[in-house]
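J.: mmCIF, C-alpha atoms (C1' of nucleotides), file data-v7.cif:
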```
data_input
#
loop_
_atom_site.label_atom_id
_atom_site.label_comp_id
_atom_site.auth_asym_id
_atom_site.auth_seq_id
_atom_site.Cartn_x
_atom_site.Cartn_y
_atom_site.Cartn_z
CA MET A 1 93.44 91.19 92.18
CA PRO A 2 96.56 92.06 90.25
CA THR A 3 96.55 94.63 87.50
CA SER A 4 97.57 93.31 84.11
CA THR A 5 101.13 93.34 82.84
CA ARG A 6 99.97 95.16 79.72
CA PHE A 7 100.99 98.53 81.09
CA ALA A 8 104.56 97.48 81.83
CA VAL A 9 104.87 95.69 78.50
CA SER A 10 103.43 98.68 76.66
CA VAL A 11 105.95 101.05 78.19
CA HIS A 12 108.62 98.49 77.32
CA ILE A 13 107.49 98.46 73.70
CA LEU A 14 107.30 102.23 73.37
CA ALA A 15 110.64 102.74 75.07
CA ALA A 16 112.19 100.23 72.69
CA LEU A 17 110.73 102.06 69.71
CA ALA A 18 112.04 105.35 71.09
CA VAL A 19 115.50 103.89 71.57
CA ASN A 20 115.45 102.54 68.01
CA GLU A 21 114.50 105.95 66.70
CA GLY A 22 113.13 105.63 63.19
CA THR A 23 114.00 102.05 62.33
CA PRO A 24 111.08 99.59 62.45
CA VAL A 25 111.16 96.92 65.17
CA ARG A 26 109.54 93.55 64.60
CA SER A 27 107.02 92.18 67.09
CA GLU A 28 109.17 89.10 67.41
CA ASP A 29 112.14 91.15 68.56
CA LEU A 30 110.00 93.11 70.98
CA ALA A 31 108.63 89.81 72.27
CA ARG A 32 112.10 88.45 72.94
CA SER A 33 113.10 91.61 74.75
CA ALA A 34 109.98 91.58 76.91
CA SER A 35 110.06 87.80 77.47
CA THR A 36 106.67 87.17 76.01
CA ASN A 37 104.93 86.06 72.84
CA SER A 38 104.81 88.01 69.59
CA ALA A 39 101.02 87.68 69.49
CA VAL A 40 100.83 89.41 72.85
CA ILE A 41 103.00 92.20 71.50
CA ARG A 42 100.92 92.53 68.35
CA SER A 43 97.73 92.65 70.36
CA ILE A 44 99.11 95.52 72.43
CA LEU A 45 100.52 97.23 69.34
CA CYS A 46 97.05 97.04 67.87
CA ARG A 47 95.70 99.12 70.76
CA LEU A 48 98.58 101.57 70.62
CA ALA A 49 98.11 101.99 66.88
CA LYS A 50 94.38 102.66 67.25
CA ALA A 51 95.30 105.37 69.74
CA ASN A 52 97.77 106.79 67.22
CA LEU A 53 100.84 106.21 69.34
CA THR A 54 102.42 103.78 66.90
CA THR A 55 102.26 102.71 63.28
CA SER A 56 103.37 99.52 61.61
CA GLN A 57 105.18 98.93 58.37
CA LEU A 58 104.06 95.73 56.68
CA GLY A 59 106.25 93.52 54.57
CA ALA A 60 109.93 92.72 54.62
CA GLY A 61 112.00 95.08 56.73
CA GLY A 62 108.80 96.20 58.43
CA GLY A 63 107.92 96.51 62.07
CA ALA A 64 106.53 98.98 64.57
CA LEU A 65 107.38 102.68 64.74
CA LEU A 66 106.44 105.56 67.00
CA ALA A 67 103.76 107.72 65.41
CA ARG A 68 104.49 110.65 67.71
CA ASN A 69 107.41 112.25 69.41
CA ALA A 70 108.44 110.22 72.45
CA ASP A 71 108.30 113.32 74.62
CA SER A 72 104.65 113.86 73.76
CA ILE A 73 103.62 110.45 75.13
CA THR A 74 103.11 110.29 78.88
CA LEU A 75 102.85 107.14 80.95
CA LEU A 76 99.30 108.22 81.74
CA ASP A 77 98.43 108.11 78.04
CA VAL A 78 99.70 104.56 77.91
CA TYR A 79 98.01 103.56 81.14
CA ARG A 80 94.62 104.74 79.94
CA ILE A 81 94.95 103.05 76.58
CA VAL A 82 95.87 99.56 77.72
CA GLU A 83 94.43 99.28 81.22
CA ASP A 84 90.74 98.47 80.96
CA ASP A 85 89.55 98.53 84.54
CA GLU A 86 89.14 101.16 87.21
CA ILE A 87 91.76 101.11 89.93
CA PHE A 88 89.14 100.67 92.64
CA ALA A 89 86.40 98.11 92.21
CA LEU A 90 83.19 98.69 94.10
CA HIS A 91 80.67 96.08 95.20
CA ARG A 92 79.97 93.43 92.57
CA CYS A 93 76.24 93.79 93.27
CA ALA A 94 74.71 97.07 94.39
CA PRO A 95 74.44 97.25 98.19
CA ASP A 96 71.10 97.15 99.97
CA GLU A 97 69.19 100.39 99.43
CA ASN A 98 67.12 99.75 102.53
CA CYS A 99 70.16 100.02 104.79
CA VAL A 100 71.56 103.44 105.63
CA VAL A 101 75.07 102.15 105.14
CA GLY A 102 74.24 100.25 101.97
CA LYS A 103 72.41 103.21 100.54
CA ASN A 104 75.24 105.68 101.07
CA ILE A 105 78.53 103.83 101.28
CA GLN A 106 79.52 104.21 97.65
CA ALA A 107 78.76 107.92 97.50
CA ALA A 108 80.66 108.33 100.76
CA MET A 109 83.76 106.64 99.38
CA LEU A 110 83.77 108.10 95.89
CA PRO A 111 85.38 111.50 96.58
CA THR A 112 88.32 109.84 98.28
CA LEU A 113 88.74 107.21 95.59
CA ASP A 114 88.60 109.92 92.95
CA ARG A 115 91.24 112.00 94.67
CA ALA A 116 93.45 108.93 95.02
CA ARG A 117 93.07 108.06 91.36
CA GLN A 118 93.78 111.63 90.30
CA ALA A 119 96.89 111.78 92.47
CA LEU A 120 98.18 108.59 90.88
CA GLU A 121 97.39 109.81 87.40
CA ALA A 122 99.15 113.11 87.98
CA GLU A 123 102.40 111.27 88.68
CA LEU A 124 102.02 109.10 85.59
CA ASN A 125 101.29 112.22 83.58
CA ALA A 126 104.56 113.82 84.63
CA VAL A 127 106.77 111.25 82.94
CA THR A 128 107.13 110.62 79.21
CA ILE A 129 108.37 107.75 77.10
CA ALA A 130 111.30 110.00 76.22
CA ASN A 131 112.18 110.23 79.92
CA ILE A 132 112.10 106.45 80.22
CA ALA A 133 114.15 105.98 77.07
CA ASP A 134 116.71 108.50 78.34
CA THR A 135 116.96 106.72 81.67
CA ILE A 136 117.49 103.42 79.89
CA ALA A 137 120.18 104.91 77.67
CA GLU A 138 121.85 106.45 80.70
CA LYS A 139 121.84 103.19 82.65
CA GLY A 140 122.98 101.30 79.56
CA ARG A 141 125.89 103.67 79.18
CA PHE A 142 127.32 102.44 82.47
CA THR A 143 126.87 98.74 81.80
CA ILE A 144 130.21 97.03 81.76
CA PRO A 145 129.97 94.47 78.93
CA TRP A 146 132.59 92.04 80.16
CA GLU A 147 130.80 91.72 83.49
CA GLY A 148 127.54 90.46 81.97
CA MET B 1 92.53 93.67 85.34
CA PRO B 2 90.15 94.79 88.03
CA THR B 3 91.18 95.07 91.64
CA SER B 4 89.12 92.95 94.01
CA THR B 5 85.96 94.16 95.67
CA ARG B 6 87.40 93.29 99.07
CA PHE B 7 88.48 96.84 99.72
CA ALA B 8 85.05 98.33 99.10
CA VAL B 9 83.36 95.59 101.11
CA SER B 10 85.84 96.02 103.95
CA VAL B 11 85.17 99.73 104.19
CA HIS B 12 81.47 98.90 104.07
CA ILE B 13 81.86 96.49 106.99
CA LEU B 14 83.91 98.86 109.10
CA ALA B 15 81.61 101.79 108.42
CA ALA B 16 78.65 99.65 109.44
CA LEU B 17 80.39 98.70 112.67
CA ALA B 18 81.20 102.35 113.32
CA VAL B 19 77.60 103.37 112.72
CA ASN B 20 76.40 100.62 115.07
CA GLU B 21 78.79 101.85 117.74
CA GLY B 22 79.21 99.22 120.41
CA THR B 23 76.52 96.71 119.49
CA PRO B 24 77.72 93.53 117.71
CA VAL B 25 76.67 93.08 114.09
CA ARG B 26 76.21 89.58 112.66
CA SER B 27 78.01 88.57 109.47
CA GLU B 28 74.65 87.69 107.99
CA ASP B 29 73.37 91.24 108.46
CA LEU B 30 76.56 92.69 107.04
CA ALA B 31 76.19 90.33 104.10
CA ARG B 32 72.67 91.51 103.37
CA SER B 33 73.74 95.14 103.55
CA ALA B 34 76.69 94.57 101.21
CA SER B 35 74.75 92.26 98.86
CA THR B 36 77.08 89.34 99.30
CA ASN B 37 77.46 86.08 101.19
CA SER B 38 78.07 85.79 104.93
CA ALA B 39 81.07 83.55 104.32
CA VAL B 40 82.65 86.29 102.24
CA ILE B 41 82.07 88.72 105.09
CA ARG B 42 83.51 86.31 107.65
CA SER B 43 86.57 85.74 105.48
CA ILE B 44 87.20 89.48 105.34
CA LEU B 45 86.43 89.88 109.04
CA CYS B 46 89.04 87.22 109.67
CA ARG B 47 91.69 89.40 108.04
CA LEU B 48 90.52 92.53 109.80
CA ALA B 49 90.56 90.73 113.14
CA LYS B 50 94.09 89.44 112.59
CA ALA B 51 95.11 93.05 111.95
CA ASN B 52 93.38 94.07 115.19
CA LEU B 53 90.81 96.30 113.53
CA THR B 54 87.86 94.19 114.67
CA THR B 55 86.91 91.58 117.22
CA SER B 56 84.08 89.10 117.21
CA GLN B 57 81.75 88.00 119.99
CA LEU B 58 80.80 84.36 119.68
CA GLY B 59 77.50 82.89 120.76
CA ALA B 60 73.97 84.24 120.85
CA GLY B 61 73.76 88.00 120.52
CA GLY B 62 77.28 87.99 119.13
CA GLY B 63 78.75 89.57 116.05
CA ALA B 64 81.56 91.82 114.93
CA LEU B 65 82.78 94.93 116.72
CA LEU B 66 85.41 97.57 116.07
CA ALA B 67 88.53 96.91 118.10
CA ARG B 68 89.78 100.48 117.70
CA ASN B 69 88.40 103.95 117.47
CA ALA B 70 86.94 104.58 114.03
CA ASP B 71 88.98 107.74 113.68
CA SER B 72 92.22 105.80 114.13
CA ILE B 73 91.52 103.57 111.12
CA THR B 74 92.43 105.06 107.75
CA LEU B 75 91.35 103.75 104.37
CA LEU B 76 95.01 103.07 103.70
CA ASP B 77 95.13 100.71 106.69
CA VAL B 78 92.20 98.81 105.23
CA TYR B 79 93.60 98.84 101.71
CA ARG B 80 96.88 97.34 102.81
CA ILE B 81 95.23 94.65 104.88
CA VAL B 82 92.82 93.27 102.32
CA GLU B 83 94.40 94.05 98.95
CA ASP B 84 97.05 91.46 98.20
CA ASP B 85 98.63 92.68 94.98
CA GLU B 86 100.72 95.63 93.98
CA ILE B 87 98.92 98.34 92.03
CA PHE B 88 101.33 98.00 89.10
CA ALA B 89 102.25 94.60 87.80
CA LEU B 90 105.56 94.29 86.01
CA HIS B 91 106.50 91.71 83.38
CA ARG B 92 105.34 88.20 84.21
CA CYS B 93 108.77 86.86 83.26
CA ALA B 94 111.91 88.93 83.71
CA PRO B 95 112.79 90.78 80.48
CA ASP B 96 115.82 89.87 78.42
CA GLU B 97 119.03 90.88 80.19
CA ASN B 98 120.92 90.89 76.89
CA CYS B 99 118.84 93.76 75.56
CA VAL B 100 119.53 97.30 76.74
CA VAL B 101 115.84 97.97 77.06
CA GLY B 102 115.07 94.65 78.72
CA LYS B 103 117.93 95.07 81.12
CA ASN B 104 116.92 98.52 82.32
CA ILE B 105 113.22 99.02 81.70
CA GLN B 106 112.03 97.99 85.15
CA ALA B 107 114.56 100.11 86.99
CA ALA B 108 113.67 103.00 84.70
CA MET B 109 109.98 102.75 85.51
CA LEU B 110 110.19 102.04 89.22
CA PRO B 111 110.69 105.57 90.55
CA THR B 112 107.60 106.79 88.72
CA LEU B 113 105.49 103.84 89.77
CA ASP B 114 106.61 104.33 93.35
CA ARG B 115 105.71 108.00 93.31
CA ALA B 116 102.32 107.18 91.82
CA ARG B 117 101.64 104.55 94.46
CA GLN B 118 102.72 106.87 97.24
CA ALA B 119 100.49 109.66 95.94
CA LEU B 120 97.53 107.31 95.90
CA GLU B 121 98.29 106.01 99.37
CA ALA B 122 98.60 109.51 100.77
CA GLU B 123 95.03 110.25 99.75
CA LEU B 124 93.76 107.01 101.26
CA ASN B 125 95.67 107.80 104.42
CA ALA B 126 93.91 111.14 104.81
CA VAL B 127 90.46 109.64 105.31
CA THR B 128 89.27 107.53 108.24
CA ILE B 129 86.42 105.12 108.82
CA ALA B 130 84.99 107.76 111.13
CA ASN B 131 84.92 110.22 108.20
CA ILE B 132 83.08 107.69 106.07
CA ALA B 133 80.63 106.86 108.85
CA ASP B 134 79.97 110.57 109.40
CA THR B 135 79.33 111.11 105.71
CA ILE B 136 76.92 108.21 105.66
CA ALA B 137 75.08 109.54 108.70
CA GLU B 138 74.94 112.97 107.15
CA LYS B 139 73.56 111.68 103.85
CA GLY B 140 71.13 109.44 105.73
CA ARG B 141 69.86 112.42 107.69
CA PHE B 142 68.57 113.96 104.48
CA THR B 143 66.93 110.84 103.13
CA ILE B 144 63.21 111.42 102.84
CA PRO B 145 61.65 108.10 103.94
CA TRP B 146 58.39 108.41 102.04
CA GLU B 147 60.26 108.96 98.82
CA GLY B 148 62.26 105.79 98.97
"C1'" DA C 1 106.75 86.35 42.34
"C1'" DT C 2 108.36 85.50 46.69
"C1'" DA C 3 109.29 86.09 51.27
"C1'" DA C 4 108.58 88.92 55.36
"C1'" DG C 5 105.77 90.67 58.75
"C1'" DT C 6 101.53 92.44 60.46
"C1'" DG C 7 96.55 92.00 61.97
"C1'" DT C 8 93.38 89.00 63.84
"C1'" DA C 9 91.05 84.89 65.34
"C1'" DT C 10 90.88 80.84 68.03
"C1'" DG C 11 91.88 77.60 71.60
"C1'" DT C 12 94.05 76.59 76.00
"C1'" DA C 13 96.20 76.90 80.58
"C1'" DT C 14 96.36 79.41 84.65
"C1'" DA C 15 95.00 82.37 88.38
"C1'" DT C 16 91.92 84.95 91.15
"C1'" DT C 17 87.71 86.24 92.78
"C1'" DA C 18 83.43 85.48 94.78
"C1'" DA C 19 79.38 82.48 95.70
"C1'" DT C 20 77.91 78.60 98.13
"C1'" DT C 21 77.70 74.90 101.26
"C1'" DA C 22 79.09 72.64 105.22
"C1'" DC C 23 80.68 71.76 109.83
"C1'" DA C 24 83.18 71.98 114.17
"C1'" DC C 25 83.93 75.01 117.98
"C1'" DT C 26 82.67 78.66 121.33
"C1'" DC C 27 79.85 81.44 123.88
"C1'" DT C 28 75.37 83.21 125.62
"C1'" DT C 29 71.00 82.47 127.19
"C1'" DT C 30 67.57 80.07 129.62
"C1'" DA D 1 73.46 71.70 132.14
"C1'" DA D 2 71.33 71.97 127.58
"C1'" DA D 3 70.26 74.26 123.49
"C1'" DG D 4 70.76 77.45 120.20
"C1'" DA D 5 73.31 81.23 118.01
"C1'" DG D 6 77.08 82.71 115.58
"C1'" DT D 7 81.87 82.57 114.32
"C1'" DG D 8 86.07 80.51 112.02
"C1'" DT D 9 87.50 77.83 108.32
"C1'" DA D 10 87.64 74.62 104.61
"C1'" DA D 11 86.22 72.79 100.21
"C1'" DT D 12 83.76 73.14 95.90
"C1'" DT D 13 82.13 75.53 92.06
"C1'" DA D 14 81.42 79.16 88.52
"C1'" DA D 15 82.80 83.25 86.33
"C1'" DT D 16 86.30 86.17 84.57
"C1'" DA D 17 90.71 87.82 82.82
"C1'" DT D 18 95.27 87.21 81.51
"C1'" DA D 19 98.75 85.46 78.86
"C1'" DC D 20 100.54 81.67 75.86
"C1'" DA D 21 100.45 79.44 71.58
"C1'" DT D 22 99.23 78.48 66.94
"C1'" DA D 23 97.45 79.56 62.61
"C1'" DC D 24 96.35 82.11 58.52
"C1'" DA D 25 94.96 85.75 55.35
"C1'" DC D 26 96.47 90.16 53.75
"C1'" DT D 27 99.89 93.67 52.62
"C1'" DT D 28 104.31 95.35 51.40
"C1'" DA D 29 109.27 95.31 50.11
"C1'" DT D 30 112.73 93.20 47.38
#
```
What's the structure tokens form of this structure?

T.:
Amino acid sequence: MPTSTRFAVSVHILAALAVNEGTPVRSEDLARSASTNSAVIRSILCRLAKANLTTSQLGAGGGALLARNADSITLLDVYRIVEDDEIFALHRCAPDENCVVGKNIQAAMLPTLDRARQALEAELNAVTIANIADTIAEKGRFTIPWEG
Amino acid sequence: MPTSTRFAVSVHILAALAVNEGTPVRSEDLARSASTNSAVIRSILCRLAKANLTTSQLGAGGGALLARNADSITLLDVYRIVEDDEIFALHRCAPDENCVVGKNIQAAMLPTLDRARQALEAELNAVTIANIADTIAEKGRFTIPWEG
DNA sequence: ATAAGTGTATGTATATTAATTACACTCTTT
DNA sequence: AAAGAGTGTAATTAATATACATACACTTAT
């Protein structure tokens, strides 16, 4: 099963807020940039706000803002906030306790699955929204406008 | 979104075949052990067989068998065979090319996502079906029958 | 006071998984 | 040779999650 696109969209949102340092960005503009619907953006912003990564200014001229420094937000923070499920799913129903394999398979796998998850998380933890925003700015710097 | 249970069930199947060294195991018995349906087991066995991890003996007394040494099969092999999707999903629709963020966000994220995936895969690659089968046997050895 | 924009709810389409049933084909056993 | 066992595969169904879309009340700036 695929993982949701929420993680990618969330990083997109936060990077956009970092790039627009200080000025509020409307959910509609974020939606256009991420090729999705403003309700989807607002739903994600809701989660990010509850986790104190963003705030929103209501009313005219309002929009979303970073609530923290971009270099204090790691991709792991984002991943944990918006991704609901474990990376590895186990059996839907508990295996047969009366079978040696069924009784012990999950405990036998767990240490490996944990190490794998931790290794993945360590990489996500090493990169911040500021890093992503910088990379975007750097790449943008070399875009030649008249070629697209 | 959750990943499928196919991976866990596949490891379960292969570990069971390793434990039952040499004697064919019916899909129905595997299904009971894994608390699922025999058609689900056969569907997974079909994939494993196509990848030359297992073979099947038709007819009476038949069942599934390992086609390779259990210590030559890593969890990463299994993961790649039965898990269809990438760990990280990107935007469902391509982001807006006319926006600096939209144009560069995916390229900016990719190196990190790649490193994270590789770190996860390295851990899965370090453990074999033989390791899992050994752990199961070890745990089973200390099961006290009259207490469960 | 008005318009802008968020926060939230609701309904819908789509996709994937897994459960279930069914059946033809192959092989072993007798 | 016949019968039964078991696989390989397809089709159907139910459950679940995502993302899209629309709508509306509430809050804030102008």

J.: Show me, as a count of residues only, the residues that have an atom within 9 Å of DC27 in chain C when counting all atoms listed in the file, minus same-chain residues fewer than 4 positions from it.

T.: 7

J.: Which residues, named as in the file, does the PyMOL selection byres ((chain D and resi 15-27) around 12) pick out? Answer as an MDAnalysis selection string.

T.: (chainID A and resid 1:6 9 35:41 43:44 56:60 62 84:85) or (chainID B and resid 1:4 89 91:93) or (chainID C and resid 4:19) or (chainID D and resid 13:14 28:29)

J.: Counting only C-alpha atoms (C1' of nucleotides), figure out which residue out of A:His12, A:Lys50, A:Asp77, A:Gly61 gets nearest to chain D.

T.: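 Of A:His12, A:Lys50, A:Asp77, A:Gly61, the one nearest chain D, counting only C-alpha atoms (C1' of nucleotides), is A:Gly61.
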
J.: Quick one: apply the PyMOL selection byres ((chain A and resi 132) around 10) to the file and drop the selected residues here as number ranges by chain.

T.: A: 11-12, 14-16, 18-19, 70-71, 74-75, 127-131, 133-138; B: 101, 104-109, 112

J.: Present chain B as a tab-separated table (two decimals) with C-alpha atoms, in the coordinates of the input, least-squares fitted onto chain A over all of its C-alpha atoms paired in order.

T.:
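Printed below is superposed-v1.tsv as written:
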```tsv
chain	number	residue	atom	x	y	z
B	1	MET	CA	93.73	91.23	92.38
B	2	PRO	CA	96.73	92.12	90.28
B	3	THR	CA	96.55	94.64	87.49
B	4	SER	CA	97.55	93.28	84.10
B	5	THR	CA	101.09	93.31	82.81
B	6	ARG	CA	99.95	95.14	79.69
B	7	PHE	CA	100.97	98.50	81.07
B	8	ALA	CA	104.54	97.45	81.82
B	9	VAL	CA	104.85	95.67	78.48
B	10	SER	CA	103.42	98.66	76.65
B	11	VAL	CA	105.93	101.02	78.19
B	12	HIS	CA	108.60	98.47	77.31
B	13	ILE	CA	107.47	98.44	73.68
B	14	LEU	CA	107.29	102.21	73.37
B	15	ALA	CA	110.64	102.72	75.06
B	16	ALA	CA	112.18	100.20	72.68
B	17	LEU	CA	110.72	102.05	69.71
B	18	ALA	CA	112.02	105.33	71.09
B	19	VAL	CA	115.49	103.88	71.57
B	20	ASN	CA	115.44	102.52	68.01
B	21	GLU	CA	114.47	105.94	66.70
B	22	GLY	CA	113.16	105.65	63.18
B	23	THR	CA	113.99	102.06	62.31
B	24	PRO	CA	111.06	99.58	62.43
B	25	VAL	CA	111.16	96.92	65.13
B	26	ARG	CA	109.52	93.53	64.54
B	27	SER	CA	107.00	92.17	67.04
B	28	GLU	CA	109.15	89.09	67.35
B	29	ASP	CA	112.13	91.13	68.53
B	30	LEU	CA	109.98	93.08	70.94
B	31	ALA	CA	108.62	89.78	72.22
B	32	ARG	CA	112.09	88.42	72.90
B	33	SER	CA	113.09	91.59	74.72
B	34	ALA	CA	109.96	91.56	76.88
B	35	SER	CA	110.04	87.78	77.44
B	36	THR	CA	106.63	87.17	75.97
B	37	ASN	CA	104.91	86.03	72.79
B	38	SER	CA	104.82	88.01	69.54
B	39	ALA	CA	101.04	87.70	69.40
B	40	VAL	CA	100.81	89.39	72.78
B	41	ILE	CA	102.99	92.20	71.47
B	42	ARG	CA	100.92	92.54	68.30
B	43	SER	CA	97.72	92.65	70.33
B	44	ILE	CA	99.10	95.51	72.41
B	45	LEU	CA	100.52	97.23	69.33
B	46	CYS	CA	97.04	97.04	67.86
B	47	ARG	CA	95.69	99.12	70.74
B	48	LEU	CA	98.56	101.57	70.62
B	49	ALA	CA	98.10	102.00	66.88
B	50	LYS	CA	94.38	102.65	67.24
B	51	ALA	CA	95.29	105.37	69.74
B	52	ASN	CA	97.77	106.80	67.22
B	53	LEU	CA	100.83	106.20	69.36
B	54	THR	CA	102.40	103.77	66.89
B	55	THR	CA	102.24	102.73	63.26
B	56	SER	CA	103.34	99.53	61.61
B	57	GLN	CA	105.15	98.95	58.34
B	58	LEU	CA	104.02	95.76	56.65
B	59	GLY	CA	106.21	93.57	54.49
B	60	ALA	CA	109.89	92.73	54.55
B	61	GLY	CA	111.96	95.08	56.67
B	62	GLY	CA	108.78	96.20	58.39
B	63	GLY	CA	107.89	96.53	62.03
B	64	ALA	CA	106.52	98.99	64.53
B	65	LEU	CA	107.37	102.68	64.73
B	66	LEU	CA	106.42	105.55	67.00
B	67	ALA	CA	103.76	107.72	65.41
B	68	ARG	CA	104.49	110.65	67.72
B	69	ASN	CA	107.42	112.24	69.43
B	70	ALA	CA	108.45	110.21	72.46
B	71	ASP	CA	108.31	113.29	74.65
B	72	SER	CA	104.65	113.84	73.79
B	73	ILE	CA	103.63	110.43	75.14
B	74	THR	CA	103.12	110.26	78.90
B	75	LEU	CA	102.84	107.11	80.97
B	76	LEU	CA	99.30	108.19	81.76
B	77	ASP	CA	98.43	108.10	78.05
B	78	VAL	CA	99.70	104.53	77.90
B	79	TYR	CA	98.00	103.53	81.14
B	80	ARG	CA	94.63	104.73	79.95
B	81	ILE	CA	94.94	103.03	76.59
B	82	VAL	CA	95.87	99.55	77.73
B	83	GLU	CA	94.43	99.23	81.23
B	84	ASP	CA	90.74	98.43	80.98
B	85	ASP	CA	89.55	98.49	84.58
B	86	GLU	CA	89.16	101.13	87.22
B	87	ILE	CA	91.79	101.12	89.96
B	88	PHE	CA	89.13	100.67	92.66
B	89	ALA	CA	86.40	98.13	92.22
B	90	LEU	CA	83.18	98.73	94.09
B	91	HIS	CA	80.66	96.12	95.19
B	92	ARG	CA	79.94	93.49	92.56
B	93	CYS	CA	76.22	93.85	93.23
B	94	ALA	CA	74.71	97.14	94.35
B	95	PRO	CA	74.44	97.28	98.16
B	96	ASP	CA	71.10	97.19	99.93
B	97	GLU	CA	69.19	100.43	99.40
B	98	ASN	CA	67.10	99.78	102.51
B	99	CYS	CA	70.13	100.04	104.76
B	100	VAL	CA	71.56	103.45	105.62
B	101	VAL	CA	75.07	102.16	105.12
B	102	GLY	CA	74.25	100.28	101.94
B	103	LYS	CA	72.42	103.24	100.53
B	104	ASN	CA	75.24	105.72	101.07
B	105	ILE	CA	78.52	103.85	101.29
B	106	GLN	CA	79.52	104.23	97.65
B	107	ALA	CA	78.76	107.93	97.51
B	108	ALA	CA	80.66	108.34	100.77
B	109	MET	CA	83.76	106.66	99.40
B	110	LEU	CA	83.78	108.12	95.91
B	111	PRO	CA	85.39	111.50	96.61
B	112	THR	CA	88.34	109.84	98.31
B	113	LEU	CA	88.75	107.22	95.62
B	114	ASP	CA	88.61	109.92	92.98
B	115	ARG	CA	91.26	111.99	94.70
B	116	ALA	CA	93.46	108.92	95.05
B	117	ARG	CA	93.08	108.06	91.39
B	118	GLN	CA	93.79	111.61	90.33
B	119	ALA	CA	96.91	111.75	92.49
B	120	LEU	CA	98.18	108.57	90.91
B	121	GLU	CA	97.40	109.78	87.41
B	122	ALA	CA	99.16	113.08	88.01
B	123	GLU	CA	102.39	111.24	88.71
B	124	LEU	CA	102.02	109.07	85.61
B	125	ASN	CA	101.30	112.19	83.60
B	126	ALA	CA	104.57	113.79	84.66
B	127	VAL	CA	106.77	111.21	82.96
B	128	THR	CA	107.13	110.59	79.23
B	129	ILE	CA	108.37	107.72	77.10
B	130	ALA	CA	111.29	109.97	76.23
B	131	ASN	CA	112.18	110.19	79.95
B	132	ILE	CA	112.10	106.42	80.23
B	133	ALA	CA	114.15	105.95	77.07
B	134	ASP	CA	116.71	108.47	78.35
B	135	THR	CA	116.97	106.68	81.67
B	136	ILE	CA	117.49	103.39	79.90
B	137	ALA	CA	120.19	104.87	77.69
B	138	GLU	CA	121.85	106.42	80.70
B	139	LYS	CA	121.84	103.17	82.67
B	140	GLY	CA	123.02	101.28	79.58
B	141	ARG	CA	125.93	103.68	79.20
B	142	PHE	CA	127.32	102.48	82.51
B	143	THR	CA	126.88	98.79	81.86
B	144	ILE	CA	130.27	97.13	81.83
B	145	PRO	CA	130.04	94.56	79.00
B	146	TRP	CA	132.65	92.14	80.29
B	147	GLU	CA	130.87	91.89	83.59
B	148	GLY	CA	127.57	90.79	82.19
```

J.: Name the closest residue to chain D among the candidates B:Asn125, B:Thr55, B:Gln118, B:Ser10; distances are taken between atoms, counting only C-alpha atoms (C1' of nucleotides).

T.: B:Thr55

J.: To one decimal place in Å, what is the distance between CA of Arg68 in chain A and CA of Asn52 in chain A?

T.: 7.8 Å

J.: Between A:Ala34, A:Ile13, A:Val25, A:Ala119, which has the minimum distance to chain C (counting only C-alpha atoms (C1' of nucleotides))?

T.: A:Val25

J.: Do you have the CA of Arg47 in chain A-CA of Val82 in chain A distance handy?

T.: 7.0 Å

J.: In Å, rounded to a single decimal, give me how far C1' of DT7 in chain D is from CA of Ala49 in chain B.

T.: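 One can read the CA of Ala49 in chain B to C1' of DT7 in chain D distance as 12.0 Å.
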
J.: Can you tell me which residues surround DA11 in chain D at a distance of at most 12 Å, considering all atoms listed in the file, apart from same-chain residues fewer than 6 positions away, and format the answer as a PyMOL selection string?

T.: chain C and resi 20-23

J.: Between A:Leu17, A:Ala116, A:Cys46, A:Leu66, which one has atoms that come closest to chain C, using only C-alpha atoms (C1' of nucleotides)?

T.: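 Using only C-alpha atoms (C1' of nucleotides), chain C sits closest to A:Cys46.
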
J.: Of the candidates A:Phe142, A:Glu28, A:Ile87, A:Val100, which shows the shortest atom-to-atom distance to Arg115 in chain A, using all atoms listed in the file?

T.: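 The closest residue to Arg115 in chain A is A:Ile87.
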
J.: Take range 101-105 of chain A, model N, CA, C and O atoms, and hand the result over as a PDB file, keeping the file's coordinate frame.

T.:
```pdb
ATOM      1  N   VAL A 101      73.689 102.322 105.583  1.00  0.00           N
ATOM      2  CA  VAL A 101      75.070 102.150 105.140  1.00  0.00           C
ATOM      3  C   VAL A 101      75.084 101.727 103.673  1.00  0.00           C
ATOM      4  O   VAL A 101      75.788 102.314 102.845  1.00  0.00           O
ATOM      5  N   GLY A 102      74.289 100.732 103.335  1.00  0.00           N
ATOM      6  CA  GLY A 102      74.240 100.250 101.970  1.00  0.00           C
ATOM      7  C   GLY A 102      73.843 101.344 100.993  1.00  0.00           C
ATOM      8  O   GLY A 102      74.395 101.451  99.892  1.00  0.00           O
ATOM      9  N   LYS A 103      72.920 102.174 101.425  1.00  0.00           N
ATOM     10  CA  LYS A 103      72.410 103.210 100.540  1.00  0.00           C
ATOM     11  C   LYS A 103      73.455 104.279 100.239  1.00  0.00           C
ATOM     12  O   LYS A 103      73.450 104.882  99.177  1.00  0.00           O
ATOM     13  N   ASN A 104      74.359 104.520 101.196  1.00  0.00           N
ATOM     14  CA  ASN A 104      75.240 105.680 101.070  1.00  0.00           C
ATOM     15  C   ASN A 104      76.734 105.387 100.998  1.00  0.00           C
ATOM     16  O   ASN A 104      77.533 106.298 100.780  1.00  0.00           O
ATOM     17  N   ILE A 105      77.105 104.135 101.164  1.00  0.00           N
ATOM     18  CA  ILE A 105      78.530 103.830 101.280  1.00  0.00           C
ATOM     19  C   ILE A 105      79.310 104.218 100.032  1.00  0.00           C
ATOM     20  O   ILE A 105      80.410 104.788 100.114  1.00  0.00           O
TER      21      ILE A 105
END
```
